[in-house]
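Undergrad: Please find coords-v2.txt (compact mmCIF, C-alpha atoms) on the next line:
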```
# COMPACT_ATOMS: atom_id res chain seq x y z
CA MET A 698 -30.89 43.38 14.96
CA LYS A 699 -34.17 42.78 16.69
CA PRO A 700 -33.94 40.82 19.99
CA TYR A 701 -35.82 37.77 18.68
CA ARG A 702 -33.50 37.57 15.64
CA SER A 703 -30.46 37.67 17.95
CA ALA A 704 -31.94 34.85 20.01
CA ILE A 705 -32.61 32.78 16.88
CA ALA A 706 -29.09 33.44 15.55
CA ALA A 707 -27.58 32.54 18.92
CA SER A 708 -29.64 29.33 19.06
CA LEU A 709 -28.55 28.34 15.54
CA LEU A 710 -24.90 29.07 16.36
CA LEU A 711 -25.13 27.06 19.57
CA ALA A 712 -26.75 24.16 17.70
CA ALA A 713 -24.01 24.26 15.04
CA VAL A 714 -21.25 24.31 17.67
CA SER A 715 -22.89 21.48 19.60
CA ALA A 716 -23.27 19.37 16.46
CA THR A 717 -19.61 19.99 15.57
CA ALA A 718 -18.47 19.05 19.07
CA ASN A 719 -20.26 15.70 18.82
CA THR A 720 -18.79 14.67 15.47
CA SER A 721 -15.26 13.63 14.71
CA VAL A 722 -13.65 15.10 11.65
CA VAL A 723 -11.08 12.96 9.89
CA ASN A 724 -8.47 14.92 7.98
CA LYS A 725 -8.06 12.84 4.87
CA SER A 726 -5.27 14.98 3.39
CA ILE A 727 -2.14 12.89 2.92
CA THR A 728 1.28 14.16 3.91
CA GLU A 729 4.61 13.20 2.36
CA ALA A 730 5.66 11.75 5.73
CA GLU A 731 2.68 9.36 5.57
CA VAL A 732 3.67 8.24 2.07
CA LEU A 733 7.27 7.62 3.16
CA ALA A 734 6.04 5.69 6.21
CA ALA A 735 3.71 3.54 4.06
CA GLN A 736 6.55 2.78 1.64
CA LYS A 737 8.89 1.86 4.50
CA ALA A 738 6.20 -0.37 6.02
CA TRP A 739 5.81 -2.15 2.65
CA GLY A 740 9.59 -2.76 2.46
CA ASP A 741 9.75 -3.94 6.09
CA ALA A 742 6.83 -6.30 5.44
CA LEU A 743 8.56 -7.80 2.39
CA VAL A 744 11.63 -8.56 4.52
CA ALA A 745 9.44 -9.92 7.34
CA ILE A 746 7.63 -12.31 4.99
CA SER A 747 10.96 -13.53 3.63
CA ASP A 748 12.39 -14.00 7.15
CA THR A 749 9.24 -15.78 8.30
CA HIS A 750 9.48 -18.17 5.36
CA GLU A 751 13.11 -18.94 6.18
CA LYS A 752 12.52 -19.49 9.91
CA GLN A 753 8.94 -20.81 10.13
CA GLY A 754 8.06 -22.18 6.70
CA HIS A 755 5.63 -21.50 3.90
CA ALA A 756 2.37 -21.63 5.90
CA ALA A 757 3.56 -18.96 8.35
CA ALA A 758 4.86 -16.78 5.50
CA LYS A 759 1.54 -17.12 3.67
CA ASP A 760 -0.38 -16.17 6.80
CA LEU A 761 1.79 -13.09 7.32
CA ALA A 762 1.55 -12.12 3.64
CA GLY A 763 -2.24 -12.28 3.84
CA LYS A 764 -2.21 -9.97 6.85
CA VAL A 765 0.16 -7.58 5.07
CA ILE A 766 -2.04 -7.48 1.96
CA ASP A 767 -5.15 -6.86 4.08
CA SER A 768 -3.39 -4.04 5.92
CA ALA A 769 -1.48 -2.34 3.11
CA TYR A 770 -3.64 -2.75 0.00
CA GLY A 771 -7.14 -1.49 -0.80
CA TYR A 772 -8.74 -4.70 -2.09
CA GLN A 773 -11.69 -4.08 0.25
CA PHE A 774 -12.60 -1.07 -1.95
CA GLY A 775 -12.51 -2.99 -5.23
CA PRO A 776 -9.84 -4.09 -7.68
CA VAL A 777 -6.31 -2.92 -6.97
CA LEU A 778 -4.34 -2.08 -10.09
CA PHE A 779 -1.34 -4.30 -9.27
CA LYS A 780 1.24 -5.12 -11.93
CA PRO A 781 4.02 -7.07 -10.21
CA THR A 782 7.57 -7.15 -11.52
CA LEU A 783 7.86 -10.79 -12.54
CA THR A 784 4.54 -11.79 -14.07
CA GLU A 785 3.59 -12.74 -17.57
CA VAL A 786 0.55 -13.13 -19.79
CA PRO A 787 -2.13 -14.24 -19.12
CA GLN A 788 -1.66 -13.39 -15.44
CA THR A 789 0.29 -10.14 -15.68
CA PHE A 790 -2.13 -8.06 -13.60
CA ARG A 791 -3.27 -8.94 -10.07
CA THR A 792 -6.51 -7.09 -9.42
CA THR A 793 -7.65 -9.50 -6.68
CA ARG A 794 -6.32 -10.28 -3.21
CA GLU A 795 -5.85 -13.94 -4.25
CA GLY A 796 -3.69 -12.89 -7.20
CA ALA A 797 -1.55 -10.67 -4.99
CA LEU A 798 -1.11 -13.39 -2.37
CA ALA A 799 -0.10 -15.90 -5.06
CA TYR A 800 2.49 -13.48 -6.39
CA PHE A 801 4.03 -12.86 -2.98
CA VAL A 802 4.12 -16.47 -1.70
CA GLY A 803 3.22 -18.81 -4.56
CA GLY A 804 1.51 -22.15 -3.96
CA ASP A 805 -1.80 -21.30 -5.64
CA PRO A 806 -2.72 -23.67 -8.49
CA SER A 807 -4.70 -20.84 -10.12
CA PHE A 808 -1.35 -19.03 -10.59
CA PRO A 809 0.98 -21.92 -11.47
CA LYS A 810 3.96 -19.78 -12.54
CA ASP A 811 4.17 -17.91 -9.22
CA LYS A 812 7.08 -19.06 -7.09
CA GLY A 813 6.75 -16.44 -4.36
CA PHE A 814 8.47 -13.11 -4.89
CA ALA A 815 8.49 -12.42 -1.14
CA LEU A 816 10.24 -15.75 -0.45
CA LYS A 817 13.54 -14.91 -2.15
CA GLY A 818 15.56 -14.28 1.00
CA TRP A 819 15.20 -10.49 1.01
CA LYS A 820 17.13 -8.77 3.80
CA SER A 821 16.63 -5.06 3.15
CA VAL A 822 14.67 -2.60 1.05
CA GLU A 823 15.65 0.95 0.11
CA ILE A 824 13.25 3.31 -1.63
CA LYS A 825 14.33 6.36 -3.64
CA ASN A 826 11.42 8.39 -4.96
CA ALA A 827 11.85 10.42 -8.11
CA ALA A 828 8.78 12.37 -6.98
CA VAL A 829 5.67 12.19 -4.84
CA PHE A 830 2.45 13.85 -6.03
CA ILE A 831 -0.22 14.50 -3.40
CA ALA A 832 -3.79 15.67 -4.08
CA GLY A 833 -5.97 15.53 -0.97
CA ASP A 834 -6.68 11.92 0.02
CA VAL A 835 -4.64 10.44 -2.87
CA ALA A 836 -0.87 10.32 -3.31
CA THR A 837 1.22 8.86 -6.13
CA SER A 838 4.91 8.07 -5.93
CA MET A 839 7.38 6.93 -8.57
CA GLY A 840 10.98 5.92 -8.22
CA ASN A 841 13.30 3.00 -7.59
CA VAL A 842 13.16 0.26 -5.00
CA MET A 843 16.41 -1.54 -4.27
CA ILE A 844 15.91 -4.94 -2.65
CA THR A 845 18.91 -6.79 -1.22
CA ASP A 846 18.90 -10.57 -0.85
CA LYS A 847 20.72 -12.78 1.67
CA ASN A 848 23.78 -12.97 -0.61
CA GLY A 849 24.07 -9.19 -0.88
CA LYS A 850 22.76 -9.05 -4.46
CA VAL A 851 20.69 -5.92 -5.10
CA THR A 852 17.69 -6.01 -7.42
CA THR A 853 16.45 -2.60 -8.54
CA VAL A 854 12.89 -2.16 -9.78
CA ASP A 855 11.01 0.85 -11.09
CA LYS A 856 7.99 1.32 -8.84
CA THR A 857 4.84 3.43 -8.97
CA TRP A 858 2.41 3.40 -6.05
CA LYS A 859 -0.88 5.23 -5.61
CA PHE A 860 -2.18 5.49 -2.07
CA LEU A 861 -5.71 6.33 -0.92
CA LYS A 862 -6.37 7.42 2.66
CA ASP A 863 -9.28 5.38 4.03
CA ASP A 864 -11.89 6.52 6.57
CA SER A 865 -9.72 5.37 9.47
CA GLY A 866 -6.84 7.56 8.26
CA LYS A 867 -4.71 4.65 6.95
CA LEU A 868 -3.02 4.76 3.55
CA ARG A 869 -4.02 1.90 1.24
CA ILE A 870 -2.23 0.92 -1.97
CA VAL A 871 -4.70 1.09 -4.87
CA VAL A 872 -2.13 1.13 -7.71
CA HIS A 873 1.14 -0.80 -7.60
CA HIS A 874 3.17 -1.01 -10.79
CA SER A 875 6.60 -2.58 -10.75
CA SER A 876 8.99 -3.38 -13.56
CA LEU A 877 12.65 -3.99 -14.20
CA PRO A 878 14.51 -0.94 -15.52
CA TYR A 879 14.78 -0.77 -19.29
CA ALA A 880 18.14 -1.86 -20.66
CA SER A 881 18.92 -0.89 -24.23
CA ASN A 882 20.79 -3.31 -26.47
```
Please express the file's structure as structure tokens.
TA:
Amino acid sequence: MKPYRSAIAASLLLAAVSATANTSVVNKSITEAEVLAAQKAWGDALVAISDTHEKQGHAAAKDLAGKVIDSAYGYQFGPVLFKPTLTEVPQTFRTTREGALAYFVGGDPSFPKDKGFALKGWKSVEIKNAAVFIAGDVATSMGNVMITDKNGKVTTVDKTWKFLKDDSGKLRIVVHHSSLPYASN
């Protein structure tokens, strides 16, 4: 290699290394541990909203639920595909933050049938995934969620979540489908 070509190559390499050193690279690949942590955080938040309602009232529970939705869901990216367990036509799907908040804590005249799923005295949540599928910055899980109320009654729901890792490295729920298990006659 001629000396001037070596100098040019060295300069380009140095420029590339310098540019790399000044930029931060976010690894947007999701791990199973991150999915499990996001699911646990969702369950813990459900219990916290219920406890807050019991101890501090509806306004405090609504405030906490709003913070949970803003932290856990991806409404800032667009509609979230949220199908809660106990909804019915014409408000089965909750693609807006307002719809999700109404489902969790009720009290919104635009969603008159919502009584507040998160206000039912929940004391614990257990999640058993049938499987978790991860593809880069997106992960989908499907399985059962067992929610125990203050009387020890367990409600089991079939749950599918899709998570997207945002630019800050946080998982956001962009699909949330929940239903009661099918019972044949």
Undergrad: Skipping near chain neighbours, those fewer than 3 positions away, what residues fall within 6 Å of A:Ile746 using all atoms listed in the file, listed as a ChimeraX atom specification?
TA: /A:743,749,758
Undergrad: I'd like to know which of A:Thr857, A:Ser865, A:Thr728, A:Ser821 is closest to A:Pro781, using all atoms listed in the file.
TA: A:Thr857
Undergrad: Would you please work out which residue, of A:Trp858, A:Phe830, A:Tyr800, A:Tyr879, is nearest to A:Trp739 when using only C-alpha atoms?
TA: A:Trp858
Undergrad: Show me, as AutoDock Vina command-line options, the centre and edge lengths in Å to one decimal of the axis-aligned box that covers every listed atom of stretch 733-743 of chain A with 3 Å on each side.
TA:
```
--center_x 6.7 --center_y -0.1 --center_z 3.9 --size_x 12.0 --size_y 21.4 --size_z 10.6
```
Undergrad: Could you give me, as a ChimeraX atom specification, the residues within 10 Å of A:His755, counting only C-alpha atoms and dropping anything in the same chain fewer than 4 positions from it?
TA: /A:746-747,749-751,759-761,802-804,813,816
Undergrad: Which neighbours of A:Lys725 fall inside 10 Å, counting only C-alpha atoms, when residues of the same chain fewer than 5 positions from it are skipped, and could you give them as an NGL selection string?
TA: :A and (833-835 or 861-868)
Undergrad: Mind giving me the straight-line distance from atom CA of A:Lys847 to atom CA of A:Gly818 in Å, one decimal?
TA: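 Going from atom CA of A:Lys847 over to atom CA of A:Gly818 covers 5.4 Å.
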